[in-house]
$ cat my_file35.cif   # mmCIF, C-alpha atoms
data_structure
loop_
_atom_site.label_atom_id
_atom_site.label_comp_id
_atom_site.auth_asym_id
_atom_site.auth_seq_id
_atom_site.Cartn_x
_atom_site.Cartn_y
_atom_site.Cartn_z
CA MET T 1 126.05 56.08 86.52
CA ARG T 2 123.29 54.04 88.17
CA GLU T 3 124.98 54.38 91.54
CA LYS T 4 125.04 58.16 91.11
CA LEU T 5 121.35 58.12 90.27
CA LYS T 6 120.64 56.03 93.37
CA VAL T 7 122.58 58.45 95.57
CA GLY T 8 120.78 61.39 93.98
CA SER T 9 117.41 59.75 94.59
CA MET T 10 118.32 59.07 98.21
CA VAL T 11 119.31 62.71 98.73
CA LEU T 12 116.02 63.88 97.26
CA CYS T 13 114.09 61.50 99.50
CA VAL T 14 115.93 62.74 102.59
CA LEU T 15 115.25 66.37 101.62
CA ALA T 16 111.58 65.65 100.95
CA THR T 17 111.26 63.88 104.32
CA ALA T 18 112.98 66.77 106.10
CA LEU T 19 110.64 69.28 104.48
CA ALA T 20 107.62 67.20 105.41
CA VAL T 21 108.77 66.89 109.03
CA SER T 22 109.46 70.63 109.14
CA ALA T 23 105.97 71.37 107.80
CA GLN T 24 104.46 69.04 110.42
CA LYS T 25 106.30 70.91 113.20
CA GLU T 26 104.88 74.25 112.10
CA SER T 27 101.92 75.41 114.14
CA GLU T 28 98.47 75.83 112.64
CA ARG T 29 98.97 79.57 113.09
CA THR T 30 102.16 79.62 111.01
CA GLN T 31 100.54 77.45 108.34
CA ASN T 32 97.69 79.98 108.15
CA ARG T 33 100.22 82.79 107.78
CA ARG T 34 101.94 80.96 104.94
CA ALA T 35 98.58 80.36 103.26
CA LEU T 36 97.89 84.09 103.41
CA VAL T 37 101.31 84.87 101.91
CA ASP T 38 100.55 82.39 99.12
CA MET T 39 97.29 84.23 98.47
CA GLU T 40 99.15 87.54 98.26
CA HIS T 41 101.64 86.00 95.80
CA ALA T 42 98.72 84.75 93.71
CA PHE T 43 97.25 88.27 93.76
CA ALA T 44 100.54 89.77 92.52
CA LYS T 45 100.96 87.04 89.89
CA THR T 46 97.48 87.70 88.54
CA ALA T 47 98.34 91.40 88.26
CA ALA T 48 101.42 90.45 86.25
CA THR T 49 99.57 88.12 83.88
CA LYS T 50 96.08 89.65 83.59
CA GLY T 51 96.67 93.25 84.62
CA THR T 52 96.13 95.26 87.79
CA ARG T 53 92.44 95.92 87.15
CA ASP T 54 91.50 92.27 86.67
CA ALA T 55 93.60 91.23 89.68
CA PHE T 56 91.84 93.64 92.03
CA LEU T 57 88.43 92.63 90.71
CA GLU T 58 89.30 88.99 91.37
CA PHE T 59 90.86 89.29 94.83
CA LEU T 60 88.87 92.14 96.42
CA ALA T 61 85.84 91.35 98.54
CA ASP T 62 82.58 92.83 97.28
CA ASP T 63 82.74 95.36 100.14
CA GLY T 64 86.52 95.73 99.94
CA ILE T 65 87.91 99.23 100.59
CA ILE T 66 90.71 101.14 98.88
CA PHE T 67 91.75 104.76 99.44
CA GLN T 68 91.49 107.46 96.74
CA PRO T 69 92.51 109.32 98.97
CA GLY T 70 89.60 108.52 101.32
CA PRO T 71 87.94 105.09 101.59
CA VAL T 72 85.85 103.97 98.60
CA ASN T 73 84.44 100.66 97.40
CA GLY T 74 87.30 98.99 95.52
CA LYS T 75 85.19 96.76 93.26
CA LYS T 76 83.16 99.73 92.04
CA LEU T 77 86.25 101.85 91.42
CA TRP T 78 88.16 99.18 89.52
CA THR T 79 85.09 98.19 87.49
CA GLU T 80 84.84 101.77 86.24
CA ARG T 81 88.55 102.01 85.41
CA PRO T 82 89.77 100.98 81.97
CA SER T 83 92.54 98.41 81.67
CA ARG T 84 95.95 100.02 81.22
CA LYS T 85 99.39 98.77 80.37
CA GLY T 86 102.08 98.77 82.98
CA LEU T 87 103.09 96.40 85.77
CA LEU T 88 102.28 97.00 89.41
CA SER T 89 104.27 94.43 91.38
CA TRP T 90 104.61 93.77 95.10
CA GLU T 91 106.14 91.31 97.54
CA PRO T 92 104.85 90.38 101.02
CA ILE T 93 107.59 90.53 103.66
CA PHE T 94 105.46 90.37 106.79
CA ALA T 95 102.18 88.63 107.59
CA ASP T 96 100.02 87.76 110.55
CA VAL T 97 96.73 85.94 111.06
CA SER T 98 94.30 85.89 113.98
CA ARG T 99 94.02 82.93 116.31
CA ALA T 100 90.68 82.06 114.72
CA GLY T 101 92.34 82.04 111.28
CA ASP T 102 89.69 84.35 109.85
CA LEU T 103 91.46 87.74 109.66
CA GLY T 104 95.00 88.66 108.66
CA TYR T 105 97.22 91.16 106.92
CA THR T 106 100.33 91.37 104.77
CA THR T 107 102.68 94.23 103.96
CA GLY T 108 105.77 94.80 101.84
CA PRO T 109 107.28 96.88 99.02
CA TRP T 110 105.63 97.71 95.70
CA GLU T 111 106.96 99.04 92.38
CA PHE T 112 105.39 100.28 89.16
CA ARG T 113 106.82 99.83 85.66
CA PRO T 114 104.87 101.84 83.05
CA ASN T 115 105.73 99.60 80.09
CA GLY T 116 105.75 96.17 81.65
CA PRO T 117 108.29 93.86 83.32
CA ASP T 118 111.22 94.82 81.09
CA ASP T 119 110.87 98.50 81.98
CA GLN T 120 112.62 100.31 84.82
CA PRO T 121 110.44 101.05 87.89
CA VAL T 122 109.36 104.69 88.15
CA ALA T 123 107.31 104.58 91.37
CA PHE T 124 107.87 102.86 94.70
CA GLY T 125 106.24 102.42 98.07
CA GLN T 126 104.89 100.05 100.70
CA TYR T 127 101.55 98.29 100.41
CA PHE T 128 99.30 97.02 103.16
CA THR T 129 96.38 94.61 102.71
CA ILE T 130 93.86 93.27 105.21
CA TRP T 131 92.40 89.88 104.34
CA LYS T 132 89.24 88.25 105.68
CA LYS T 133 88.05 84.70 105.23
CA GLN T 134 84.71 84.51 103.44
CA GLY T 135 81.75 82.22 103.99
CA ASP T 136 83.06 79.76 101.39
CA GLY T 137 86.45 79.55 103.14
CA SER T 138 88.34 81.69 100.61
CA TRP T 139 90.45 84.71 101.50
CA LYS T 140 89.44 88.10 100.06
CA ALA T 141 91.06 91.50 100.50
CA VAL T 142 88.75 93.74 102.55
CA LEU T 143 91.10 96.74 102.68
CA ASP T 144 94.05 97.73 100.54
CA ARG T 145 96.18 100.82 100.80
CA GLY T 146 99.78 101.94 100.76
CA VAL T 147 102.25 104.78 100.86
CA SER T 148 104.58 105.98 98.12
CA SER T 149 108.26 106.89 98.22
CA GLU T 150 110.78 108.46 95.87
CA LYS T 151 113.05 105.42 96.07
CA SER T 152 112.78 101.75 96.82
CA PHE T 153 112.86 100.48 100.38
CA ALA T 154 112.59 96.87 99.29
CA ALA T 155 113.32 93.95 101.60
CA LYS T 156 113.19 90.30 100.57
CA LEU T 157 113.14 88.50 103.94
CA LEU T 158 109.71 87.14 104.88
CA LEU T 159 108.95 87.45 108.60
CA PHE T 160 106.18 86.31 110.93
CA PRO T 161 105.53 87.42 114.52
CA LEU T 162 107.70 85.69 117.10
CA HIS T 163 106.45 83.75 120.13
CA ASP T 164 102.81 83.79 119.06
CA GLU T 165 101.72 80.42 117.76
CA SER T 166 98.52 79.78 119.71
CA SER T 167 95.29 79.09 117.84
CA VAL T 168 93.21 78.81 121.03
CA SER T 169 90.37 81.35 121.19
CA ASP T 170 87.22 81.98 123.18
CA PRO T 171 84.23 80.64 121.19
CA LYS T 172 81.94 82.92 123.22
CA PHE T 173 83.72 86.14 122.25
CA ASP T 174 81.19 88.84 121.32
CA VAL T 175 82.50 90.51 118.14
CA SER T 176 79.95 93.36 118.30
CA ARG T 177 81.01 94.32 121.82
CA GLY T 178 84.62 93.89 120.77
CA ARG T 179 84.19 96.39 117.93
CA ALA T 180 82.67 98.93 120.31
CA SER T 181 85.56 98.43 122.74
CA LEU T 182 88.08 98.94 119.96
CA ILE T 183 86.44 102.22 118.89
CA LYS T 184 86.58 103.37 122.52
CA LEU T 185 90.25 102.40 122.69
CA GLU T 186 90.95 104.45 119.56
CA GLU T 187 89.19 107.48 121.04
CA GLU T 188 91.17 107.19 124.27
CA PHE T 189 94.37 106.90 122.24
CA SER T 190 93.55 110.09 120.31
CA THR T 191 92.64 111.95 123.51
CA LEU T 192 95.98 110.99 125.03
CA SER T 193 97.78 112.18 121.90
CA ALA T 194 96.04 115.57 122.13
CA ARG T 195 96.80 115.92 125.82
CA LYS T 196 100.37 114.58 126.09
CA GLY T 197 101.59 114.53 122.48
CA ALA T 198 101.76 111.83 119.81
CA THR T 199 105.09 110.40 120.98
CA ALA T 200 103.84 109.77 124.52
CA ALA T 201 100.56 108.34 123.24
CA PHE T 202 102.21 105.95 120.78
CA ASP T 203 104.71 104.95 123.47
CA SER T 204 101.74 103.80 125.55
CA TYR T 205 99.92 101.91 122.78
CA LEU T 206 102.54 100.60 120.33
CA ALA T 207 103.54 96.94 120.42
CA ASN T 208 107.28 96.21 120.61
CA ASP T 209 107.25 94.74 117.09
CA ALA T 210 105.04 97.46 115.57
CA ARG T 211 105.44 98.69 112.00
CA VAL T 212 104.74 102.28 111.00
CA LEU T 213 104.31 103.36 107.35
CA ARG T 214 104.54 106.98 106.21
CA GLN T 215 104.99 108.75 102.87
CA ASN T 216 108.58 109.00 101.50
CA ILE T 217 110.12 107.32 104.55
CA ALA T 218 111.48 103.82 105.03
CA PRO T 219 109.14 101.61 107.09
CA ALA T 220 109.83 101.97 110.81
CA VAL T 221 110.05 98.47 112.27
CA GLY T 222 110.01 98.06 116.03
CA LYS T 223 108.70 100.40 118.70
CA GLU T 224 111.95 102.31 119.17
CA ASN T 225 112.28 103.14 115.46
CA ALA T 226 108.59 103.99 115.21
CA LEU T 227 108.79 106.48 118.07
CA VAL T 228 111.72 108.25 116.40
CA LEU T 229 109.64 108.65 113.25
CA ILE T 230 106.57 109.86 115.16
CA TRP T 231 108.63 112.29 117.26
CA ALA T 232 109.84 113.97 114.04
CA SER T 233 106.26 114.81 113.01
CA ALA T 234 105.20 118.40 113.62
CA GLY T 235 101.96 119.53 115.18
CA THR T 236 99.35 118.03 117.49
CA LEU T 237 98.04 114.75 116.11
CA THR T 238 94.45 113.58 116.65
CA TRP T 239 92.19 111.19 114.76
CA LYS T 240 88.62 109.96 114.52
CA PRO T 241 87.88 106.28 113.83
CA ALA T 242 85.09 105.53 111.36
CA VAL T 243 85.07 101.76 110.87
CA THR T 244 86.41 98.82 112.81
CA ASP T 245 86.34 95.05 112.56
CA LEU T 246 87.65 92.16 114.63
CA ALA T 247 88.52 88.52 114.23
CA ALA T 248 86.12 86.02 115.78
CA SER T 249 88.85 85.30 118.34
CA GLY T 250 89.09 88.97 119.34
CA ASP T 251 92.89 89.08 119.31
CA LEU T 252 93.32 90.89 115.96
CA GLY T 253 91.36 93.82 114.58
CA TYR T 254 91.66 97.01 112.58
CA THR T 255 90.27 100.52 112.40
CA TYR T 256 90.36 103.26 109.83
CA GLY T 257 89.31 106.88 109.78
CA THR T 258 90.67 110.40 109.39
CA TYR T 259 93.37 112.33 111.21
CA ASP T 260 94.40 115.96 111.62
CA SER T 261 97.73 117.47 112.49
CA ARG T 262 97.34 120.94 114.00
CA ARG T 263 99.58 123.80 114.93
CA GLY T 264 97.51 125.70 117.41
CA ASP T 265 94.02 125.95 115.90
CA LEU T 266 95.31 125.63 112.34
CA VAL T 267 95.04 122.25 110.58
CA ILE T 268 98.37 121.78 108.78
CA GLU T 269 97.67 118.26 107.52
CA HIS T 270 94.56 116.16 107.00
CA GLY T 271 94.44 112.60 105.81
CA SER T 272 93.34 109.02 106.41
CA TYR T 273 94.78 106.31 108.59
CA VAL T 274 94.52 102.56 109.03
CA ARG T 275 95.61 100.81 112.19
CA VAL T 276 95.92 97.14 113.14
CA TRP T 277 95.43 96.21 116.78
CA LYS T 278 96.63 93.02 118.38
CA LYS T 279 95.79 92.30 122.00
CA GLN T 280 95.07 96.00 122.63
CA ARG T 281 98.38 97.13 121.16
CA VAL T 282 99.03 98.75 117.79
CA VAL T 283 101.07 96.47 115.52
CA LEU T 284 100.72 98.44 112.28
CA ASP T 285 99.97 102.11 111.68
CA VAL T 286 99.56 103.78 108.27
CA MET T 287 98.93 107.50 107.82
CA SER T 288 98.82 109.28 104.49
CA PRO T 289 97.93 112.96 103.91
CA ASP T 290 95.31 113.98 101.39
CA PRO T 291 96.69 115.82 98.35
CA GLN T 292 97.02 119.56 98.92
#
$ encode --input "my_file35.cif" --output "structure tokens"
Amino acid sequence: MREKLKVGSMVLCVLATALAVSAQKESERTQNRRALVDMEHAFAKTAATKGTRDAFLEFLADDGIIFQPGPVNGKKLWTERPSRKGLLSWEPIFADVSRAGDLGYTTGPWEFRPNGPDDQPVAFGQYFTIWKKQGDGSWKAVLDRGVSSEKSFAAKLLLFPLHDESSVSDPKFDVSRGRASLIKLEEEFSTLSARKGATAAFDSYLANDARVLRQNIAPAVGKENALVLIWASAGTLTWKPAVTDLAASGDLGYTYGTYDSRRGDLVIEHGSYVRVWKKQRVVLDVMSPDPQ
């Protein structure tokens, strides 16, 4: 019996050593991504134990934005909402963080159970959260939104970007000028979409590993799948950016604003969008129409 215990202890020691070595081999960038995923898990766990309202009030930044359907201050909205029963649950399946380690995002499936964890889910979708490191070093959600679907498109495999582990950044990067450049890039993108069509425009600006989220459709992962989804959209698509922000390293940023889909001079759809840019390429694009 003692020999078995010794063998068991040795196995545990070997496993612990292997895990420690593996953790040491991970880049600072990957460790930051895992820390952000842990924060998202803590957010979801708080929603399960304390309720959705209390979770958002705890994890949102004071100036954090949610969409109802347009952008509003999330803290103010959730403060005014009464606590309700029901479980809103979600799971991050993709995450990225800037080289500076100060800005990142997560995305994945969500479900809602009206009577708690033992109930069957009645609503589904994909969530998307942008996180920003605060002055005290903590992560807070600065933007949260999602799309809904009639069925689940859940995936359990957690992924990070490939071949992008560098944490080296330019300490002299001018964030204010970077924001202005990103707004200009958005405007050029929209102009190209109006002139040559959305498919051609997205083909020029999408990253190869881009993710596109739309209502009632499975997430399109990868440029090829995203272009198929965008090609299926009717009308001429244009948009107007309203707000943008960038990491201190300048490699990761986001914009949000409004979009219109037109057929001739007639607006057939109006809504809001959020877009994540990485090295002047779109890595995540969310568009959701306003209710009719």
$ axis_aligned_box --input "my_file35.cif" --around "stretch 169-178 of chain T" --padding-each-side "4 Å" --output "JSON"
{"center_x": 85.2, "center_y": 87.5, "center_z": 120.7, "size_x": 18.4, "size_y": 21.7, "size_z": 13.1}
$ closest_atom_pairs --input "my_file35.cif" --of "stretch 28-90 of chain T" --to "stretch 139-154 of chain T" --cutoff "7 Å" --atoms "only C-alpha atoms" --output "CSV"
residue,atom,partner,partner_atom,distance
T:Phe59,CA,T:Lys140,CA,5.5
T:Leu60,CA,T:Ala141,CA,4.7
T:Ala61,CA,T:Lys140,CA,5.1
T:Asp63,CA,T:Val142,CA,6.7
T:Gly64,CA,T:Val142,CA,4.0
T:Ile65,CA,T:Leu143,CA,4.6
T:Ile66,CA,T:Asp144,CA,5.1
T:Phe67,CA,T:Arg145,CA,6.1
$ write_last_selection --input "my_file35.cif" --atoms "C-alpha atoms" --output "PDB file, keeping the file's coordinate frame"
ATOM      1  CA  PHE T  59      90.860  89.290  94.830  1.00  0.00           C
ATOM      2  CA  LEU T  60      88.870  92.140  96.420  1.00  0.00           C
ATOM      3  CA  ALA T  61      85.840  91.350  98.540  1.00  0.00           C
ATOM      4  CA  ASP T  63      82.740  95.360 100.140  1.00  0.00           C
ATOM      5  CA  GLY T  64      86.520  95.730  99.940  1.00  0.00           C
ATOM      6  CA  ILE T  65      87.910  99.230 100.590  1.00  0.00           C
ATOM      7  CA  ILE T  66      90.710 101.140  98.880  1.00  0.00           C
ATOM      8  CA  PHE T  67      91.750 104.760  99.440  1.00  0.00           C
TER       9      PHE T  67
END
$ closest_residue --input "my_file35.cif" --among "T:Ser233, T:Gln280, T:Thr238, T:Ser181" --to "T:Tyr205" --atoms "all atoms listed in the file"
T:Gln280
$ closest_residue --input "my_file35.cif" --among "T:Phe202, T:Tyr127, T:Tyr256, T:Trp277" --to "T:Trp90" --atoms "all atoms listed in the file"
T:Tyr127
$ resolve_selection --input "my_file35.cif" --expression "the PyMOL selection byres ((chain T and resi 161-177) around 10)" --output "PyMOL selection string"
chain T and resi 26-31+33+94-101+159-160+178-182+209+245-251
$ resolve_selection --input "my_file35.cif" --expression "the PyMOL selection byres ((chain T and resi 220) around 10)" --output "list in words"
Asp209, Ala210, Arg211, Val212, Leu213, Arg214, Ile217, Ala218, Pro219, Val221, Gly222, Lys223, Glu224, Asn225, Ala226, Leu227, Val228, Leu229, Ile230, Leu284 and Asp285 of chain T
$ atom_distance --input "my_file35.cif" --atom1 "atom CA of T:Ile268" --atom2 "atom CA of T:Phe189"
20.5 Å
$ atom_distance --input "my_file35.cif" --atom1 "atom CA of T:Phe56" --atom2 "atom CA of T:Lys76"
10.6 Å
$ resolve_selection --input "my_file35.cif" --expression "the PyMOL selection byres ((chain T and resi 275) around 9)" --output "list of chain:residue names"
T:Gly253, T:Tyr254, T:Thr255, T:Tyr256, T:Tyr273, T:Val274, T:Val276, T:Trp277, T:Val282, T:Val283, T:Leu284, T:Asp285, T:Val286, T:Met287
